[in-house]
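As provided, target_7.txt (compact mmCIF, N, CA and C atoms and all ligand atoms) reads as follows.
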```
# COMPACT_ATOMS: atom_id res chain seq x y z
N MET A 546 20.06 4.08 5.99
CA MET A 546 18.96 5.02 6.18
C MET A 546 19.16 5.79 7.48
N GLY A 547 18.89 7.07 7.43
CA GLY A 547 18.97 7.89 8.64
C GLY A 547 17.74 7.71 9.50
N PRO A 548 17.66 8.50 10.56
CA PRO A 548 16.53 8.38 11.47
C PRO A 548 15.20 8.78 10.84
N ASP A 549 15.24 9.65 9.86
CA ASP A 549 14.00 10.02 9.16
C ASP A 549 14.27 10.06 7.67
N TRP A 550 14.44 8.87 7.13
CA TRP A 550 14.74 8.73 5.71
C TRP A 550 13.63 9.31 4.85
N TYR A 551 12.40 9.24 5.34
CA TYR A 551 11.26 9.72 4.56
C TYR A 551 11.36 11.22 4.30
N CYS A 552 11.57 11.99 5.38
CA CYS A 552 11.71 13.43 5.21
C CYS A 552 13.01 13.77 4.49
N ASN A 553 14.07 13.04 4.82
CA ASN A 553 15.38 13.41 4.31
C ASN A 553 15.58 13.04 2.84
N GLU A 554 14.95 11.96 2.40
CA GLU A 554 15.26 11.48 1.06
C GLU A 554 14.07 11.12 0.20
N ALA A 555 13.03 10.56 0.78
CA ALA A 555 11.98 9.97 -0.06
C ALA A 555 10.95 10.97 -0.56
N ILE A 556 10.68 12.00 0.21
CA ILE A 556 9.61 12.92 -0.14
C ILE A 556 10.07 13.82 -1.30
N PRO A 557 9.24 13.93 -2.34
CA PRO A 557 9.62 14.72 -3.52
C PRO A 557 10.05 16.14 -3.14
N GLY A 558 11.03 16.63 -3.85
CA GLY A 558 11.60 17.93 -3.54
C GLY A 558 12.91 17.79 -2.82
N THR A 559 13.06 16.67 -2.09
CA THR A 559 14.31 16.44 -1.39
C THR A 559 14.84 15.04 -1.74
N VAL A 560 14.43 14.55 -2.92
CA VAL A 560 14.78 13.18 -3.26
C VAL A 560 16.27 13.02 -3.56
N LYS A 561 16.90 12.12 -2.84
CA LYS A 561 18.29 11.77 -3.13
C LYS A 561 18.36 10.35 -3.67
N VAL A 562 17.36 9.55 -3.31
CA VAL A 562 17.27 8.19 -3.80
C VAL A 562 16.01 8.11 -4.64
N GLU A 563 16.13 7.57 -5.83
CA GLU A 563 14.95 7.49 -6.69
C GLU A 563 14.00 6.43 -6.17
N VAL A 564 12.75 6.83 -5.99
CA VAL A 564 11.74 5.87 -5.55
C VAL A 564 10.63 5.81 -6.60
N GLU A 565 9.99 4.66 -6.66
CA GLU A 565 8.91 4.47 -7.62
C GLU A 565 7.59 4.89 -6.97
N VAL A 566 7.06 6.02 -7.40
CA VAL A 566 5.83 6.54 -6.81
C VAL A 566 4.62 5.85 -7.44
N LEU A 567 3.73 5.36 -6.59
CA LEU A 567 2.53 4.67 -7.07
C LEU A 567 1.29 5.52 -6.94
N ALA A 568 1.27 6.40 -5.96
CA ALA A 568 0.12 7.29 -5.77
C ALA A 568 0.61 8.52 -5.03
N GLN A 569 -0.07 9.63 -5.29
CA GLN A 569 0.36 10.87 -4.69
C GLN A 569 -0.83 11.81 -4.59
N THR A 570 -0.97 12.47 -3.46
CA THR A 570 -1.96 13.55 -3.33
C THR A 570 -1.21 14.75 -2.78
N GLU A 571 -1.95 15.83 -2.52
CA GLU A 571 -1.28 17.05 -2.05
C GLU A 571 -0.40 16.79 -0.82
N ASN A 572 -0.89 15.94 0.09
CA ASN A 572 -0.19 15.74 1.37
C ASN A 572 0.21 14.31 1.66
N THR A 573 0.12 13.43 0.65
CA THR A 573 0.48 12.03 0.90
C THR A 573 1.27 11.47 -0.28
N LEU A 574 1.96 10.39 -0.01
CA LEU A 574 2.80 9.76 -1.03
C LEU A 574 2.81 8.25 -0.79
N ALA A 575 2.66 7.50 -1.87
CA ALA A 575 2.78 6.04 -1.80
C ALA A 575 3.85 5.62 -2.79
N PHE A 576 4.80 4.82 -2.33
CA PHE A 576 5.93 4.47 -3.20
C PHE A 576 6.53 3.13 -2.82
N ARG A 577 7.28 2.57 -3.74
CA ARG A 577 8.07 1.37 -3.45
C ARG A 577 9.44 1.82 -2.97
N PRO A 578 9.83 1.41 -1.76
CA PRO A 578 11.16 1.78 -1.29
C PRO A 578 12.24 1.02 -2.07
N PRO A 579 13.39 1.65 -2.27
CA PRO A 579 14.47 1.00 -3.03
C PRO A 579 15.25 0.04 -2.15
N LEU A 580 14.53 -0.88 -1.52
CA LEU A 580 15.15 -1.83 -0.60
C LEU A 580 14.76 -3.24 -0.99
N LEU A 581 15.66 -4.15 -0.84
CA LEU A 581 15.36 -5.55 -1.11
C LEU A 581 14.94 -6.22 0.19
N GLY A 582 14.35 -7.36 0.07
CA GLY A 582 14.06 -8.16 1.25
C GLY A 582 12.69 -7.92 1.86
N PHE A 583 11.84 -7.17 1.17
CA PHE A 583 10.49 -6.94 1.68
C PHE A 583 9.47 -7.91 1.10
N GLY A 584 9.93 -8.90 0.37
CA GLY A 584 8.99 -9.89 -0.13
C GLY A 584 8.51 -9.60 -1.54
N THR A 585 7.36 -10.13 -1.86
CA THR A 585 6.82 -10.10 -3.22
C THR A 585 6.66 -8.68 -3.75
N ASP A 586 6.09 -7.83 -2.93
CA ASP A 586 5.95 -6.42 -3.27
C ASP A 586 5.72 -5.70 -1.95
N HIS A 587 6.05 -4.44 -1.91
CA HIS A 587 5.93 -3.71 -0.64
C HIS A 587 5.82 -2.23 -0.97
N ILE A 588 4.79 -1.63 -0.44
CA ILE A 588 4.55 -0.22 -0.71
C ILE A 588 4.48 0.53 0.62
N ILE A 589 5.07 1.70 0.64
CA ILE A 589 5.06 2.55 1.83
C ILE A 589 4.14 3.75 1.55
N VAL A 590 3.29 4.05 2.53
CA VAL A 590 2.39 5.20 2.40
C VAL A 590 2.68 6.16 3.55
N ILE A 591 2.97 7.42 3.20
CA ILE A 591 3.36 8.40 4.21
C ILE A 591 2.67 9.75 3.98
N PRO A 592 2.56 10.54 5.06
CA PRO A 592 2.23 11.95 4.87
C PRO A 592 3.50 12.67 4.44
N THR A 593 3.37 13.69 3.55
CA THR A 593 4.56 14.39 3.08
C THR A 593 5.01 15.49 4.03
N GLN A 594 4.17 15.81 5.02
CA GLN A 594 4.66 16.68 6.10
C GLN A 594 5.12 15.77 7.23
N HIS A 595 6.00 16.29 8.06
CA HIS A 595 6.53 15.43 9.12
C HIS A 595 5.49 15.16 10.19
N VAL A 596 5.13 13.88 10.34
CA VAL A 596 4.25 13.40 11.41
C VAL A 596 5.00 12.24 12.06
N PRO A 597 5.36 12.35 13.34
CA PRO A 597 6.20 11.33 13.95
C PRO A 597 5.59 9.93 13.98
N SER A 598 4.29 9.82 14.27
CA SER A 598 3.67 8.49 14.32
C SER A 598 2.17 8.64 14.19
N LEU A 599 1.48 7.52 14.13
CA LEU A 599 0.01 7.52 14.05
C LEU A 599 -0.60 8.33 15.19
N LEU A 600 0.01 8.27 16.35
CA LEU A 600 -0.53 8.97 17.53
C LEU A 600 -0.44 10.49 17.39
N ASP A 601 0.37 10.95 16.47
CA ASP A 601 0.54 12.39 16.24
C ASP A 601 -0.19 12.89 14.99
N LEU A 602 -0.90 12.00 14.33
CA LEU A 602 -1.53 12.35 13.06
C LEU A 602 -2.67 13.34 13.28
N PRO A 603 -2.59 14.53 12.66
CA PRO A 603 -3.68 15.49 12.80
C PRO A 603 -4.96 14.96 12.15
N ASP A 604 -6.09 15.24 12.78
CA ASP A 604 -7.37 14.75 12.27
C ASP A 604 -7.62 15.22 10.83
N ASP A 605 -7.18 16.46 10.52
CA ASP A 605 -7.46 16.98 9.18
C ASP A 605 -6.59 16.37 8.09
N LEU A 606 -5.63 15.57 8.47
CA LEU A 606 -4.80 14.85 7.50
C LEU A 606 -5.16 13.36 7.46
N ALA A 607 -5.84 12.90 8.50
CA ALA A 607 -6.13 11.46 8.63
C ALA A 607 -6.94 10.93 7.45
N GLY A 608 -7.95 11.69 7.03
CA GLY A 608 -8.81 11.21 5.95
C GLY A 608 -8.06 11.08 4.64
N GLU A 609 -7.25 12.08 4.32
CA GLU A 609 -6.48 12.05 3.07
C GLU A 609 -5.48 10.90 3.07
N LEU A 610 -4.84 10.70 4.21
CA LEU A 610 -3.86 9.61 4.30
C LEU A 610 -4.54 8.25 4.17
N LEU A 611 -5.68 8.11 4.85
CA LEU A 611 -6.41 6.84 4.79
C LEU A 611 -6.95 6.59 3.38
N THR A 612 -7.33 7.64 2.69
CA THR A 612 -7.81 7.48 1.31
C THR A 612 -6.70 6.97 0.40
N THR A 613 -5.48 7.53 0.53
CA THR A 613 -4.35 7.04 -0.25
C THR A 613 -4.03 5.58 0.11
N LEU A 614 -4.06 5.31 1.41
CA LEU A 614 -3.78 3.94 1.88
C LEU A 614 -4.82 2.97 1.31
N LYS A 615 -6.05 3.38 1.29
CA LYS A 615 -7.13 2.54 0.78
C LYS A 615 -6.94 2.25 -0.71
N LYS A 616 -6.55 3.25 -1.47
CA LYS A 616 -6.31 3.06 -2.90
C LYS A 616 -5.19 2.05 -3.15
N VAL A 617 -4.11 2.20 -2.41
CA VAL A 617 -2.97 1.29 -2.57
C VAL A 617 -3.35 -0.12 -2.14
N ALA A 618 -4.08 -0.22 -1.05
CA ALA A 618 -4.51 -1.54 -0.56
C ALA A 618 -5.44 -2.21 -1.57
N ALA A 619 -6.34 -1.43 -2.16
CA ALA A 619 -7.25 -1.99 -3.17
C ALA A 619 -6.47 -2.48 -4.38
N TRP A 620 -5.47 -1.70 -4.78
CA TRP A 620 -4.62 -2.10 -5.90
C TRP A 620 -3.88 -3.41 -5.57
N ALA A 621 -3.36 -3.50 -4.33
CA ALA A 621 -2.61 -4.70 -3.94
C ALA A 621 -3.53 -5.93 -3.90
N VAL A 622 -4.74 -5.75 -3.43
CA VAL A 622 -5.69 -6.87 -3.40
C VAL A 622 -6.02 -7.30 -4.83
N ASP A 623 -6.18 -6.31 -5.69
CA ASP A 623 -6.48 -6.62 -7.08
C ASP A 623 -5.32 -7.35 -7.76
N GLN A 624 -4.10 -6.89 -7.49
CA GLN A 624 -2.92 -7.47 -8.14
C GLN A 624 -2.53 -8.82 -7.57
N TYR A 625 -2.63 -8.96 -6.25
CA TYR A 625 -2.06 -10.13 -5.57
C TYR A 625 -3.08 -10.98 -4.83
N GLY A 626 -4.31 -10.51 -4.76
CA GLY A 626 -5.34 -11.29 -4.07
C GLY A 626 -5.48 -10.96 -2.59
N GLY A 627 -4.52 -10.21 -2.04
CA GLY A 627 -4.59 -9.83 -0.63
C GLY A 627 -3.35 -9.06 -0.23
N CYS A 628 -3.41 -8.43 0.92
CA CYS A 628 -2.26 -7.68 1.41
C CYS A 628 -2.39 -7.48 2.91
N GLN A 629 -1.35 -6.94 3.50
CA GLN A 629 -1.36 -6.60 4.92
C GLN A 629 -1.02 -5.12 5.03
N VAL A 630 -1.80 -4.40 5.85
CA VAL A 630 -1.57 -2.98 6.07
C VAL A 630 -1.23 -2.80 7.54
N LEU A 631 -0.06 -2.23 7.81
CA LEU A 631 0.30 -2.03 9.21
C LEU A 631 1.22 -0.84 9.40
N THR A 632 1.21 -0.33 10.63
CA THR A 632 2.16 0.70 11.03
C THR A 632 2.69 0.32 12.41
N THR A 633 3.82 0.86 12.78
CA THR A 633 4.41 0.54 14.06
C THR A 633 4.47 1.79 14.93
N LEU A 634 4.61 1.57 16.24
CA LEU A 634 4.59 2.67 17.20
C LEU A 634 5.63 2.43 18.30
N GLY A 635 6.00 3.50 18.97
CA GLY A 635 6.89 3.38 20.13
C GLY A 635 8.20 2.70 19.78
N ASN A 636 8.64 1.80 20.64
CA ASN A 636 9.95 1.17 20.39
C ASN A 636 9.91 0.12 19.28
N GLU A 637 8.73 -0.11 18.71
CA GLU A 637 8.64 -0.97 17.52
C GLU A 637 8.77 -0.16 16.23
N GLN A 638 8.75 1.16 16.36
CA GLN A 638 8.84 2.03 15.18
C GLN A 638 10.28 2.52 15.03
N HIS A 639 10.94 2.04 13.98
CA HIS A 639 12.36 2.35 13.83
C HIS A 639 12.59 3.68 13.13
N ASN A 640 11.70 4.05 12.23
CA ASN A 640 11.82 5.34 11.56
C ASN A 640 10.70 6.24 12.06
N LYS A 641 11.08 7.34 12.69
CA LYS A 641 10.10 8.18 13.39
C LYS A 641 9.40 9.17 12.48
N HIS A 642 8.98 8.68 11.34
CA HIS A 642 8.06 9.41 10.46
C HIS A 642 6.95 8.40 10.16
N LEU A 643 5.73 8.78 10.49
CA LEU A 643 4.60 7.87 10.29
C LEU A 643 4.65 7.24 8.91
N HIS A 644 4.63 5.92 8.86
CA HIS A 644 4.60 5.22 7.58
C HIS A 644 3.79 3.94 7.72
N TRP A 645 2.99 3.71 6.70
CA TRP A 645 2.21 2.48 6.62
C TRP A 645 2.89 1.55 5.65
N HIS A 646 2.95 0.29 6.02
CA HIS A 646 3.44 -0.74 5.12
C HIS A 646 2.25 -1.44 4.48
N VAL A 647 2.30 -1.57 3.16
CA VAL A 647 1.34 -2.42 2.47
C VAL A 647 2.16 -3.58 1.91
N ALA A 648 2.02 -4.73 2.57
CA ALA A 648 2.86 -5.88 2.26
C ALA A 648 2.03 -6.97 1.60
N VAL A 649 2.68 -7.72 0.72
CA VAL A 649 2.00 -8.85 0.08
C VAL A 649 2.93 -10.07 0.11
N GLY A 650 2.35 -11.23 -0.08
CA GLY A 650 3.12 -12.45 -0.22
C GLY A 650 4.08 -12.69 0.92
N ASP A 651 5.35 -12.92 0.58
CA ASP A 651 6.37 -13.24 1.59
C ASP A 651 6.63 -12.09 2.56
N GLY A 652 6.22 -10.89 2.21
CA GLY A 652 6.45 -9.73 3.09
C GLY A 652 5.43 -9.59 4.20
N VAL A 653 4.40 -10.41 4.20
CA VAL A 653 3.35 -10.32 5.22
C VAL A 653 3.84 -10.94 6.52
N ALA A 654 3.66 -10.22 7.63
CA ALA A 654 3.99 -10.75 8.95
C ALA A 654 2.87 -11.71 9.38
N ARG A 655 3.25 -12.91 9.70
CA ARG A 655 2.26 -13.94 10.05
C ARG A 655 2.10 -13.98 11.57
N PHE A 656 0.93 -13.62 12.05
CA PHE A 656 0.71 -13.54 13.49
C PHE A 656 0.23 -14.86 14.09
N VAL A 657 -0.21 -15.76 13.25
CA VAL A 657 -0.69 -17.06 13.72
C VAL A 657 0.34 -18.11 13.31
N PRO A 658 0.86 -18.90 14.27
CA PRO A 658 1.82 -19.94 13.88
C PRO A 658 1.29 -20.80 12.74
N GLY A 659 2.03 -20.86 11.68
CA GLY A 659 1.63 -21.66 10.53
C GLY A 659 0.58 -20.97 9.68
N GLY A 660 0.18 -19.74 10.08
CA GLY A 660 -0.91 -19.09 9.35
C GLY A 660 -0.43 -18.24 8.22
ZN ZN A 701 9.70 13.15 8.73
```
Let me see whether you can do it: turn the structure in this file into structure tokens.
Amino acid sequence: MGPDWYCNEAIPGTVKVEVEVLAQTENTLAFRPPLLGFGTDHIIVIPTQHVPSLLDLPDDLAGELLTTLKKVAAWAVDQYGGCQVLTTLGNEQHNKHLHWHVAVGDGVARFVPGG
């Protein structure tokens, strides 16, 4: 993956790798990345315009993105009983296009030892 795989490959119109789209609005996209090792199921939610991180998210896009995220999270809770929604920032963010992870099962990061 390049530094901005989302803009370069995942966003429709420039797709080089086929991704399974789960939800889509005018300015947002939710899909399963074609990567193994993310656990039981894993969905990525992104804005389709380039936004480097949550800190750069324009207010007029925040509601639409959160609405898509909420739909995917509700679906994950319905399907699996629960999920984790997270995004990374700064030196913890490896791909500099804002992306939310919706993780379930083995893909959930456990913040409490043994939890
Ligand atoms: Zn981008």
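Residues in contact with Gly582 (chain A) at up to 8 Å, not including ones fewer than 2 positions away on its chain and judged by only N, CA and C atoms, are Pro579, Leu580, Gly584, Thr585, Asp651 and Gly652 of chain A.
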TODO: Collect all residues with atoms no farther than 5 Å from ligand ZN 701 (chain A), counting only N, CA and C atoms and all ligand atoms, and output them as a PyMOL selection string.
DONE: chain A and resi 552+595-596+642
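Pairwise distance (CA of His644 (chain A), CA of Gly626 (chain A)) equals 22.5 Å.
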Using DSSP on the backbone coordinates, identify the residues of chain A assigned to alpha helix (DSSP H); present them as an mmCIF file with N, CA and C atoms, in the coordinates of the input.
```cif
data_model
loop_
_atom_site.group_PDB
_atom_site.id
_atom_site.type_symbol
_atom_site.label_atom_id
_atom_site.label_comp_id
_atom_site.auth_asym_id
_atom_site.auth_seq_id
_atom_site.Cartn_x
_atom_site.Cartn_y
_atom_site.Cartn_z
ATOM 1 N N TRP A 550 14.440 8.870 7.130
ATOM 2 C CA TRP A 550 14.740 8.730 5.710
ATOM 3 C C TRP A 550 13.630 9.310 4.850
ATOM 4 N N ASP A 604 -6.090 15.240 12.780
ATOM 5 C CA ASP A 604 -7.370 14.750 12.270
ATOM 6 C C ASP A 604 -7.620 15.220 10.830
ATOM 7 N N ASP A 605 -7.180 16.460 10.520
ATOM 8 C CA ASP A 605 -7.460 16.980 9.180
ATOM 9 C C ASP A 605 -6.590 16.370 8.090
ATOM 10 N N LEU A 606 -5.630 15.570 8.470
ATOM 11 C CA LEU A 606 -4.800 14.850 7.500
ATOM 12 C C LEU A 606 -5.160 13.360 7.460
ATOM 13 N N ALA A 607 -5.840 12.900 8.500
ATOM 14 C CA ALA A 607 -6.130 11.460 8.630
ATOM 15 C C ALA A 607 -6.940 10.930 7.450
ATOM 16 N N GLY A 608 -7.950 11.690 7.030
ATOM 17 C CA GLY A 608 -8.810 11.210 5.950
ATOM 18 C C GLY A 608 -8.060 11.080 4.640
ATOM 19 N N GLU A 609 -7.250 12.080 4.320
ATOM 20 C CA GLU A 609 -6.480 12.050 3.070
ATOM 21 C C GLU A 609 -5.480 10.900 3.070
ATOM 22 N N LEU A 610 -4.840 10.700 4.210
ATOM 23 C CA LEU A 610 -3.860 9.610 4.300
ATOM 24 C C LEU A 610 -4.540 8.250 4.170
ATOM 25 N N LEU A 611 -5.680 8.110 4.850
ATOM 26 C CA LEU A 611 -6.410 6.840 4.790
ATOM 27 C C LEU A 611 -6.950 6.590 3.380
ATOM 28 N N THR A 612 -7.330 7.640 2.690
ATOM 29 C CA THR A 612 -7.810 7.480 1.310
ATOM 30 C C THR A 612 -6.700 6.970 0.400
ATOM 31 N N THR A 613 -5.480 7.530 0.530
ATOM 32 C CA THR A 613 -4.350 7.040 -0.250
ATOM 33 C C THR A 613 -4.030 5.580 0.110
ATOM 34 N N LEU A 614 -4.060 5.310 1.410
ATOM 35 C CA LEU A 614 -3.780 3.940 1.880
ATOM 36 C C LEU A 614 -4.820 2.970 1.310
ATOM 37 N N LYS A 615 -6.050 3.380 1.290
ATOM 38 C CA LYS A 615 -7.130 2.540 0.780
ATOM 39 C C LYS A 615 -6.940 2.250 -0.710
ATOM 40 N N LYS A 616 -6.550 3.250 -1.470
ATOM 41 C CA LYS A 616 -6.310 3.060 -2.900
ATOM 42 C C LYS A 616 -5.190 2.050 -3.150
ATOM 43 N N VAL A 617 -4.110 2.200 -2.410
ATOM 44 C CA VAL A 617 -2.970 1.290 -2.570
ATOM 45 C C VAL A 617 -3.350 -0.120 -2.140
ATOM 46 N N ALA A 618 -4.080 -0.220 -1.050
ATOM 47 C CA ALA A 618 -4.510 -1.540 -0.560
ATOM 48 C C ALA A 618 -5.440 -2.210 -1.570
ATOM 49 N N ALA A 619 -6.340 -1.430 -2.160
ATOM 50 C CA ALA A 619 -7.250 -1.990 -3.170
ATOM 51 C C ALA A 619 -6.470 -2.480 -4.380
ATOM 52 N N TRP A 620 -5.470 -1.700 -4.780
ATOM 53 C CA TRP A 620 -4.620 -2.100 -5.900
ATOM 54 C C TRP A 620 -3.880 -3.410 -5.570
ATOM 55 N N ALA A 621 -3.360 -3.500 -4.330
ATOM 56 C CA ALA A 621 -2.610 -4.700 -3.940
ATOM 57 C C ALA A 621 -3.530 -5.930 -3.900
ATOM 58 N N VAL A 622 -4.740 -5.750 -3.430
ATOM 59 C CA VAL A 622 -5.690 -6.870 -3.400
ATOM 60 C C VAL A 622 -6.020 -7.300 -4.830
ATOM 61 N N ASP A 623 -6.180 -6.310 -5.690
ATOM 62 C CA ASP A 623 -6.480 -6.620 -7.080
ATOM 63 C C ASP A 623 -5.320 -7.350 -7.760
ATOM 64 N N GLN A 624 -4.100 -6.890 -7.490
ATOM 65 C CA GLN A 624 -2.920 -7.470 -8.140
ATOM 66 C C GLN A 624 -2.530 -8.820 -7.570
ATOM 67 N N TYR A 625 -2.630 -8.960 -6.250
ATOM 68 C CA TYR A 625 -2.060 -10.130 -5.570
ATOM 69 C C TYR A 625 -3.080 -10.980 -4.830
#
```
TODO: Extract, using all atoms listed in the file, all DNA, RNA and protein residues at most 8 Å from Ala568 (chain A), discarding same-chain residues fewer than 5 positions from it, and format them as an MDAnalysis selection string.
DONE: chainID A and resid 573:577 613 616:617
Task: Using only C-alpha atoms: which of A:Gln594, A:Asp605, A:Tyr625, A:Arg655 has the shortest distance to Asn553 (chain A) - done: A:Gln594
- [ ] For atom C of Val564 (chain A) and CA of Ile591 (chain A), determine how far apart the two atoms are, in Å to one decimal place.
- [x]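 Computing the Euclidean distance for atom C of Val564 (chain A) and CA of Ile591 (chain A) yields 13.3 Å.
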